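This report refers to the structure that appears directly beneath it.
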Amino acid sequence: MQTAVRSKMIHRAKGDEVALYRFFDGDGCLLYVGISKDPLVRWQEHTNSHKWWGSVVEYEVVWHATRAAARAAEASAIRDEAPIHNLRGSKRPKKSE
């Protein structure tokens with residue numbers, strides 16, 4: 001059974017704005033946080049390079065006025081919300097390969 005996701009339309013950045021996005025699995029668990037001026041293009045890159053992409057069923061996008069503001073919000077989200085697949089900046093120890 002597939003789950004339908006109802007969300008707002010995503011657009012490319014207007015001017016200097018940058019999107020902060022969060023991906024969640026079916027249980028509402030935060031999988032990943034990232035930033036991009038063009039989220040749809042960045043998400044396509046995720047589909048090709050990350051095995052966890054198949055677990056994504058919901059997303060959230062918040063637009064910030066500048067890249068600096070988006071980076072600061074991303075760093076705070078990674079530190080405070082501990083998404084499973086963000087390692088850089090998280091409080092979790094890095095996995096041994």
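All residue names refer to the structure tokens as shown: chains lettered A, B, ... in order, residues numbered from 1 in each chain, ligands numbered from 1 in order.
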
Could you give me, as JSON lines, a per-residue list for range 25-63 of chain A showing, wherever an atom lies at most 9 Å from an atom of range 67-74 of chain A, the closest pair of atoms and their distance in Å to one decimal, using only C-alpha atoms and sorting by chain then residue number from low to high?
{"residue": "A:Val33", "atom": "CA", "partner": "A:Glu74", "partner_atom": "CA", "distance": 6.7}
{"residue": "A:Gly34", "atom": "CA", "partner": "A:Glu74", "partner_atom": "CA", "distance": 6.4}
{"residue": "A:Ile35", "atom": "CA", "partner": "A:Ala70", "partner_atom": "CA", "distance": 6.7}
{"residue": "A:Ser36", "atom": "CA", "partner": "A:Arg67", "partner_atom": "CA", "distance": 8.5}
{"residue": "A:Lys37", "atom": "CA", "partner": "A:Arg67", "partner_atom": "CA", "distance": 8.5}
{"residue": "A:Val62", "atom": "CA", "partner": "A:Ala70", "partner_atom": "CA", "distance": 8.8}
{"residue": "A:Trp63", "atom": "CA", "partner": "A:Ala70", "partner_atom": "CA", "distance": 7.7}

Pick out the closest residue to Asp16 in chain A from this set: A:Asp38, A:Gln44, A:Ala82, A:Arg88. Count only C-alpha atoms.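 Using only C-alpha atoms, Asp16 in chain A sits closest to A:Asp38.
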
Mind checking which residues fall within 10 Å of Ile84 in chain A, counting only C-alpha atoms, ignoring those fewer than 2 positions away in the same chain, and posting them as an MDAnalysis selection string? chainID A and resid 24 29:33 52 78 81:82 86:87 90 92

To one decimal place in Å, what is the distance between CA of Val61 in chain A and CA of Gly15 in chain A?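 Distance reported for this atom pair: 16.8 Å.
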